[in-house]
Amino acid sequence: MQKLLYKEFNLSIHKFYFIIPFLTGALFLIPQWPFFLALMYFFFISVPNILSSYNSQNDNSFSIMMPVKKSDIVKSKILAFTILELTHLATGVIFALLNIALYKTDNFLFDPNPAFFGIAFTMYGLFNIILFPMYFKTAYSYGIPTLTASITVVLYITAVELLVLFNGKIAYYLEGGSAESRIVQWIVLIAGIIIFAALNAAAARMAAKRFEKVNL
Amino acid sequence: MILKVENLRKEYETFLLDDISFELEEGYIMGFIGSNGAGKTTTLKGILGMIQTEAGDVEIFGKNFKENEIAIKQDIAFMTGSSDYYLRRKIRVITKVVKSFYPNWNDAVYENYLRKFKLDPEKKVMELSQGMRVKYSLALALSHEAKLIILDEPTSGLDPVARDDLLEIFQELVEDGQKSVLFSTHITSDLEKCADYITYINEGKIIKSTSKDELLDSFRLVNGSEEDLKTMKQDLISYKINSFGFLGLIDTAKLSRYPEINSEAPSLDDIMIYHAKREETHAEAAV
């Protein structure tokens with residue numbers, strides 16, 4: 001498993017995809033902007049390109065020749081994607097702190113606070129649980145799985161933004177500056193992390209089961 | 001027994017691989033022959049769990065493959081004909097990743113094979129000729145001390161010199177009596193040069209799996225008049241009519257029923273051609 005992860009980062013996934021989080025993270029410095037979008041570029045740029053390069057490099061034929069199980073191939077790929085998502089979140093946090101320090105004003109849309117990142121974790125979890133079981137049904141076709149997962153998270157995040165924008169009570173808890181609100185925001189972050197982990201584990205289980213049936 | 005395949009079965013919508021059984025001992029080369037589409041690659045992939053089979057057991061080094069997949073894969077190597085993965089990456093980079101998977105990787109052996117095969121680690125896979133790619137795969141296999149080397153069509157697309165060179169390497173590999181090579185091919189001259197055993201597959205079924213000499217001995221090429229054909233038609237595997245009468249293939253065991261008929265030893269090509277022709281005839285009859 002560890003060796004497969006080493007393979008993912010040294011052979012399969014280009015270093016370029018670790019630079020992108022810093023570029024998209026810098027988008028947190030745009031004043032009054034929908035910051036979820038900065039984290040979503042992963043879905044639109046990195047995911048389809050990495051999955052397509054697996055195909056063009058015949059990655060599955062290579063991986064299956066190594067002394068590994070089919071299920072380990074799935075798990076290592078999901079773990080590699082998760083690490084990339086965490087990199088996006090980490091750079092997001094750095095630039096969000098910079099944003100707060102620089103502008104000292106609230107954002108028109110969702111503020112980059114702990115609750116924002118909690119919801120971002122659930123967004124990545126939701127994307128993964130849709131993408132991976134669909135993708136590993138063929139371990140080749142990535143278009144429909146990527147589109148389905150992307151559309152779902154765009155709808156999800158749009159709903160969240162609208163709720164915060166138009167529902168005062170939700171905005172109070174998720175964006176407010178009171179002690180009570182801040183506690184809720186940290187709870188949302190912790191819950192987000194737990195949901196992210198649970199959805200990833202479920203995605204790996206479902207995807208591995210489907211990949212067993214794929215004829216390589 | 002280094003490899004034992006029993007009753008392997010794989011169903012596709014338009015193809016059935018059925019009841020595949022054969023064995024390979026240590027220290028021998030087995031050629032796996034069959035025409036294009038006969039099921040060679042499917043069988044090899046089935047053996048190695050790359051496709052999900054409906055039935056059958058595979059034992060490698062006396063252990064069940066499915067139950068001991070990772071441990072067994074440490075001691076085997078599999079190579080597809082084209083080795084067309086990570087074409088734009090340098091050999092040095094690919095090797096660095098591959099060696100991380102094998103605790104018993106030996107750098108000195110690897111360096112030695114790079115020199116022997118004249119492989120430049122700074123070259124990209126795409127810059128290697130087909131023959132050099134096979135040699136690179138072999139260098140990787142031998143550096144982790146693989147005892148069973150399975151190659152799918154390693155000689156297809158190679159020129160006669162490169163083919164001969166490769167077959168000689170196979171022979172050197174099994175000299176110590178500990179390694180075995182199983183390779184598929186549709187080029188029968190490869191087998192005449194180096195195979196100890198031959199497994200012949202046609203239309204998804206094993207026709208024979210035996211030593212090369214036994215396979216050649218078990219069939220006879222017969223020729224005779226059209227009158228002769230009438231009497232022995234039902235015993236022939238298949239036949240071709242020509243201006244002198246007919247030419248056909250028969251099981252050697254049935255030859256004694258026709259003491260007067262002219263017969264000679266067939267080539268591996270003859271055996272393949274007449275079996276393929278029988279399938280065609282059966283298919284036509286069914287239509």
# chains A, B, ... in the order shown; residues from 1 in each chain; ligands from 1
>>> residues_around(residues="stretch 126-128 of chain A", least_positions_apart="2", cutoff="10 Å", atoms="only C-alpha atoms", output="MDAnalysis selection string")
chainID A and resid 43 78 81:82 120:124 130:134 145:146 148:154 156 195:196 199:204
>>> residues_around(residues="B:Lys193", least_positions_apart="3", cutoff="10 Å", atoms="only C-alpha atoms", output="list in words")
Asp164, Leu167, Glu168, Gln171, Thr188, Ser189, Asp190 and Asp196 of chain B
>>> residues_around(residues="B:His275", least_positions_apart="4", cutoff="7 Å", atoms="only C-alpha atoms", output="list in words")
Ile237, Ser238, Ile271 and Glu279 of chain B
>>> write_last_selection(atoms="N, CA and C atoms", output="PDB file, in the first residue's frame")
ATOM      1  N   ILE B 237      -9.072 -34.927 -38.242  1.00  0.00           N
ATOM      2  CA  ILE B 237      -9.327 -33.699 -37.492  1.00  0.00           C
ATOM      3  C   ILE B 237      -9.898 -32.668 -38.470  1.00  0.00           C
ATOM      4  N   SER B 238      -9.256 -32.547 -39.616  1.00  0.00           N
ATOM      5  CA  SER B 238      -9.817 -31.808 -40.745  1.00  0.00           C
ATOM      6  C   SER B 238      -8.957 -32.136 -41.968  1.00  0.00           C
ATOM      7  N   ILE B 271      -0.397 -28.625 -37.291  1.00  0.00           N
ATOM      8  CA  ILE B 271      -1.321 -28.964 -36.193  1.00  0.00           C
ATOM      9  C   ILE B 271      -2.258 -27.791 -35.921  1.00  0.00           C
ATOM     10  N   GLU B 279     -12.510 -26.208 -36.486  1.00  0.00           N
ATOM     11  CA  GLU B 279     -13.452 -25.301 -35.818  1.00  0.00           C
ATOM     12  C   GLU B 279     -14.304 -24.571 -36.844  1.00  0.00           C
TER      13      GLU B 279
END
>>> interface_residues(of="chain A", to="chain B", cutoff="9 Å", atoms="only C-alpha atoms", output="list in words")
Lys3, Leu4, Tyr6, Lys7, Asn10, Leu11, Ser12, Ser56, Gln57, Asn58, Asp59, Asn60, Ser61, Phe62, Ile64, Met65, Met66, Pro67, Val68, Lys69, Lys70, Glu212, Lys213, Val214, Asn215 and Leu216 of chain A
>>> write_last_selection(atoms="N, CA, C and O atoms", output="tab-separated table (two decimals), in the first residue's frame")
chain	number	residue	atom	x	y	z
A	3	LYS	N	3.91	1.36	-0.81
A	3	LYS	CA	4.72	1.33	-2.03
A	3	LYS	C	3.89	1.82	-3.21
A	3	LYS	O	4.39	2.50	-4.11
A	4	LEU	N	2.61	1.47	-3.20
A	4	LEU	CA	1.74	1.94	-4.28
A	4	LEU	C	1.56	3.45	-4.21
A	4	LEU	O	1.49	4.13	-5.25
A	6	TYR	N	3.81	5.46	-3.06
A	6	TYR	CA	5.09	5.94	-3.56
A	6	TYR	C	5.07	5.97	-5.10
A	6	TYR	O	5.51	6.91	-5.74
A	7	LYS	N	4.49	4.90	-5.67
A	7	LYS	CA	4.35	4.82	-7.13
A	7	LYS	C	3.44	5.95	-7.65
A	7	LYS	O	3.76	6.59	-8.65
A	10	ASN	N	5.47	9.20	-7.52
A	10	ASN	CA	6.74	9.26	-8.25
A	10	ASN	C	6.62	8.91	-9.72
A	10	ASN	O	7.51	9.20	-10.51
A	11	LEU	N	5.53	8.24	-10.06
A	11	LEU	CA	5.39	7.80	-11.44
A	11	LEU	C	4.08	8.30	-12.07
A	11	LEU	O	4.06	8.71	-13.22
A	12	SER	N	3.00	8.22	-11.32
A	12	SER	CA	1.68	8.44	-11.92
A	12	SER	C	1.21	9.88	-11.86
A	12	SER	O	0.76	10.43	-12.87
A	56	SER	N	-3.66	6.93	-20.38
A	56	SER	CA	-2.64	7.05	-21.43
A	56	SER	C	-1.34	6.37	-21.02
A	56	SER	O	-0.56	5.96	-21.88
A	57	GLN	N	-1.10	6.24	-19.73
A	57	GLN	CA	0.15	5.61	-19.29
A	57	GLN	C	-0.04	4.13	-18.99
A	57	GLN	O	0.88	3.47	-18.51
A	58	ASN	N	-1.24	3.63	-19.22
A	58	ASN	CA	-1.56	2.23	-18.95
A	58	ASN	C	-1.23	1.85	-17.52
A	58	ASN	O	-0.63	0.81	-17.24
A	59	ASP	N	-1.65	2.71	-16.64
A	59	ASP	CA	-1.27	2.54	-15.23
A	59	ASP	C	-1.76	1.23	-14.61
A	59	ASP	O	-1.03	0.58	-13.87
A	60	ASN	N	-2.99	0.86	-14.94
A	60	ASN	CA	-3.52	-0.37	-14.32
A	60	ASN	C	-2.73	-1.60	-14.71
A	60	ASN	O	-2.50	-2.48	-13.89
A	61	SER	N	-2.31	-1.67	-15.99
A	61	SER	CA	-1.52	-2.83	-16.43
A	61	SER	C	-0.21	-2.88	-15.66
A	61	SER	O	0.29	-3.96	-15.33
A	62	PHE	N	0.35	-1.72	-15.40
A	62	PHE	CA	1.62	-1.65	-14.66
A	62	PHE	C	1.39	-2.06	-13.20
A	62	PHE	O	2.09	-2.94	-12.68
A	64	ILE	N	-0.94	-3.77	-11.68
A	64	ILE	CA	-1.38	-5.14	-11.39
A	64	ILE	C	-0.23	-6.14	-11.50
A	64	ILE	O	-0.28	-7.23	-10.95
A	65	MET	N	0.83	-5.75	-12.20
A	65	MET	CA	1.99	-6.64	-12.31
A	65	MET	C	2.83	-6.64	-11.03
A	65	MET	O	3.63	-7.53	-10.81
A	66	MET	N	2.66	-5.61	-10.23
A	66	MET	CA	3.43	-5.53	-8.98
A	66	MET	C	2.82	-6.50	-7.95
A	66	MET	O	1.68	-6.91	-8.10
A	67	PRO	N	3.60	-6.85	-6.93
A	67	PRO	CA	3.04	-7.76	-5.91
A	67	PRO	C	2.05	-7.06	-4.99
A	67	PRO	O	2.36	-6.73	-3.85
A	68	VAL	N	0.88	-6.78	-5.53
A	68	VAL	CA	-0.17	-6.09	-4.77
A	68	VAL	C	-1.52	-6.72	-5.10
A	68	VAL	O	-1.64	-7.45	-6.07
A	69	LYS	N	-2.52	-6.41	-4.27
A	69	LYS	CA	-3.87	-6.88	-4.55
A	69	LYS	C	-4.60	-5.80	-5.32
A	69	LYS	O	-4.28	-4.62	-5.20
A	70	LYS	N	-5.63	-6.23	-6.05
A	70	LYS	CA	-6.42	-5.25	-6.80
A	70	LYS	C	-6.99	-4.18	-5.86
A	70	LYS	O	-7.01	-3.00	-6.19
A	212	GLU	N	-12.77	-5.29	-8.46
A	212	GLU	CA	-12.50	-6.73	-8.51
A	212	GLU	C	-13.08	-7.36	-9.78
A	212	GLU	O	-12.55	-8.30	-10.33
A	213	LYS	N	-14.22	-6.80	-10.22
A	213	LYS	CA	-14.92	-7.38	-11.38
A	213	LYS	C	-14.41	-6.85	-12.71
A	213	LYS	O	-14.82	-7.32	-13.77
A	214	VAL	N	-13.52	-5.86	-12.64
A	214	VAL	CA	-13.00	-5.28	-13.90
A	214	VAL	C	-11.96	-6.21	-14.51
A	214	VAL	O	-11.07	-6.69	-13.82
A	215	ASN	N	-12.12	-6.47	-15.79
A	215	ASN	CA	-11.13	-7.29	-16.51
A	215	ASN	C	-10.04	-6.38	-17.05
A	215	ASN	O	-10.29	-5.56	-17.92
A	216	LEU	N	-8.85	-6.53	-16.51
A	216	LEU	CA	-7.76	-5.64	-16.94
A	216	LEU	C	-7.09	-6.15	-18.19
A	216	LEU	O	-6.99	-7.33	-18.42
>>> residues_around(residues="stretch 1-4 of chain B", least_positions_apart="3", cutoff="7 Å", atoms="only C-alpha atoms", output="mmCIF file with N, CA, C and O atoms, in the first residue's frame")
data_model
loop_
_atom_site.group_PDB
_atom_site.id
_atom_site.type_symbol
_atom_site.label_atom_id
_atom_site.label_comp_id
_atom_site.auth_asym_id
_atom_site.auth_seq_id
_atom_site.Cartn_x
_atom_site.Cartn_y
_atom_site.Cartn_z
ATOM 1 N N PHE B 22 -3.436 -27.153 -17.240
ATOM 2 C CA PHE B 22 -2.093 -27.597 -17.639
ATOM 3 C C PHE B 22 -1.121 -27.374 -16.489
ATOM 4 O O PHE B 22 -1.458 -26.702 -15.499
ATOM 5 N N GLU B 23 0.048 -27.978 -16.604
ATOM 6 C CA GLU B 23 1.044 -27.892 -15.534
ATOM 7 C C GLU B 23 2.409 -27.593 -16.118
ATOM 8 O O GLU B 23 2.693 -27.963 -17.255
ATOM 9 N N LEU B 24 3.233 -26.941 -15.312
ATOM 10 C CA LEU B 24 4.606 -26.657 -15.742
ATOM 11 C C LEU B 24 5.563 -26.967 -14.597
ATOM 12 O O LEU B 24 5.334 -26.549 -13.456
ATOM 13 N N GLU B 25 6.618 -27.705 -14.926
ATOM 14 C CA GLU B 25 7.600 -28.066 -13.901
ATOM 15 C C GLU B 25 8.723 -27.045 -13.848
ATOM 16 O O GLU B 25 8.925 -26.274 -14.787
ATOM 17 N N GLU B 26 9.485 -27.107 -12.758
ATOM 18 C CA GLU B 26 10.625 -26.204 -12.602
ATOM 19 C C GLU B 26 11.705 -26.503 -13.633
ATOM 20 O O GLU B 26 11.982 -27.664 -13.924
ATOM 21 N N VAL B 58 -5.739 -21.981 -9.534
ATOM 22 C CA VAL B 58 -4.357 -21.799 -9.996
ATOM 23 C C VAL B 58 -3.429 -21.987 -8.801
ATOM 24 O O VAL B 58 -3.624 -21.358 -7.763
ATOM 25 N N GLU B 59 -2.476 -22.895 -8.952
ATOM 26 C CA GLU B 59 -1.472 -23.080 -7.909
ATOM 27 C C GLU B 59 -0.123 -22.685 -8.486
ATOM 28 O O GLU B 59 0.259 -23.149 -9.557
ATOM 29 N N ILE B 60 0.581 -21.822 -7.763
ATOM 30 C CA ILE B 60 1.942 -21.451 -8.174
ATOM 31 C C ILE B 60 2.853 -21.732 -6.987
ATOM 32 O O ILE B 60 2.514 -21.387 -5.842
ATOM 33 N N PHE B 61 3.973 -22.373 -7.223
ATOM 34 C CA PHE B 61 4.893 -22.835 -6.170
ATOM 35 C C PHE B 61 4.145 -23.686 -5.133
ATOM 36 O O PHE B 61 4.425 -23.624 -3.932
ATOM 37 N N GLY B 62 3.131 -24.418 -5.578
ATOM 38 C CA GLY B 62 2.379 -25.308 -4.685
ATOM 39 C C GLY B 62 1.369 -24.595 -3.801
ATOM 40 O O GLY B 62 0.758 -25.202 -2.924
#
>>> atom_distance(atom1="atom CA of B:Gln178", atom2="atom CA of B:Met30")
14.0 Å
>>> closest_residue(among="B:Leu44, B:Ile207, B:Val181, B:Ile91", to="B:Leu8", atoms="only C-alpha atoms")
B:Leu44
>>> residues_around(residues="stretch 221-225 of chain B", least_positions_apart="5", cutoff="12 Å", atoms="only C-alpha atoms", output="MDAnalysis selection string")
chainID B and resid 216 230:233 235:252 254:255 258:271 273:274
>>> select_by_dssp(residues="stretch 36-216 of chain B", states="strand (DSSP E or B)", output="VMD selection string")
chain B and resid 55 to 60 63 to 64 76 to 79 90 124 148 to 152 180 to 185 197 to 202 205 to 211
>>> residues_around(residues="B:Ala253", least_positions_apart="4", cutoff="9 Å", atoms="only C-alpha atoms", output="PyMOL selection string")
chain B and resi 218-219+257
>>> residues_around(residues="B:Leu151", least_positions_apart="3", cutoff="10 Å", atoms="only C-alpha atoms", output="list of chain:residue names")
B:Gly31, B:Phe32, B:Thr41, B:Leu44, B:Ala77, B:Phe78, B:Met79, B:Thr80, B:Gly81, B:Val134, B:Ser137, B:Leu138, B:Leu148, B:Pro154, B:Thr155, B:Val181, B:Leu182, B:Phe183, B:Ser184, B:Thr185
>>> write_last_selection(atoms="N, CA and C atoms", output="compact mmCIF listing (two decimals), in the first residue's frame")
# COMPACT_ATOMS: atom_id res chain seq x y z
N GLY B 31 5.87 -23.29 -24.15
CA GLY B 31 5.29 -22.40 -25.15
C GLY B 31 3.79 -22.57 -25.12
N PHE B 32 3.10 -21.45 -25.16
CA PHE B 32 1.64 -21.49 -25.12
C PHE B 32 1.19 -21.00 -26.49
N THR B 41 -4.00 -14.79 -24.22
CA THR B 41 -3.87 -13.68 -23.26
C THR B 41 -4.90 -13.81 -22.15
N LEU B 44 -3.63 -16.32 -19.64
CA LEU B 44 -2.54 -15.79 -18.80
C LEU B 44 -3.08 -14.77 -17.79
N ALA B 77 7.12 -13.00 -12.49
CA ALA B 77 7.13 -11.77 -13.29
C ALA B 77 6.19 -12.01 -14.47
N PHE B 78 5.44 -10.99 -14.80
CA PHE B 78 4.53 -11.09 -15.93
C PHE B 78 4.81 -9.92 -16.86
N MET B 79 4.84 -10.21 -18.13
CA MET B 79 5.08 -9.15 -19.10
C MET B 79 4.13 -9.27 -20.27
N THR B 80 3.44 -8.18 -20.55
CA THR B 80 2.57 -8.20 -21.73
C THR B 80 3.44 -7.91 -22.96
N GLY B 81 2.98 -8.32 -24.09
CA GLY B 81 3.77 -8.21 -25.31
C GLY B 81 4.37 -6.85 -25.56
N VAL B 134 11.39 -5.89 -24.15
CA VAL B 134 11.26 -7.22 -23.55
C VAL B 134 12.47 -7.48 -22.65
N SER B 137 12.10 -5.69 -19.40
CA SER B 137 11.18 -6.42 -18.52
C SER B 137 11.88 -7.62 -17.89
N LEU B 138 12.70 -8.30 -18.69
CA LEU B 138 13.42 -9.46 -18.16
C LEU B 138 14.43 -9.02 -17.10
N LEU B 148 9.26 -17.78 -11.77
CA LEU B 148 8.35 -18.10 -12.88
C LEU B 148 8.15 -16.82 -13.69
N PRO B 154 6.00 -12.33 -26.29
CA PRO B 154 7.20 -11.49 -26.24
C PRO B 154 7.91 -11.37 -27.58
N THR B 155 7.66 -12.31 -28.48
CA THR B 155 8.42 -12.29 -29.74
C THR B 155 7.67 -11.65 -30.89
N VAL B 181 9.88 -20.69 -17.62
CA VAL B 181 9.35 -19.63 -18.49
C VAL B 181 8.08 -20.16 -19.17
N LEU B 182 7.03 -19.38 -19.09
CA LEU B 182 5.81 -19.70 -19.84
C LEU B 182 5.58 -18.52 -20.77
N PHE B 183 5.62 -18.78 -22.06
CA PHE B 183 5.38 -17.65 -22.96
C PHE B 183 4.42 -18.03 -24.07
N SER B 184 3.55 -17.07 -24.37
CA SER B 184 2.58 -17.33 -25.43
C SER B 184 3.13 -16.81 -26.75
N THR B 185 2.73 -17.44 -27.80
CA THR B 185 3.18 -17.01 -29.12
C THR B 185 2.27 -17.63 -30.18
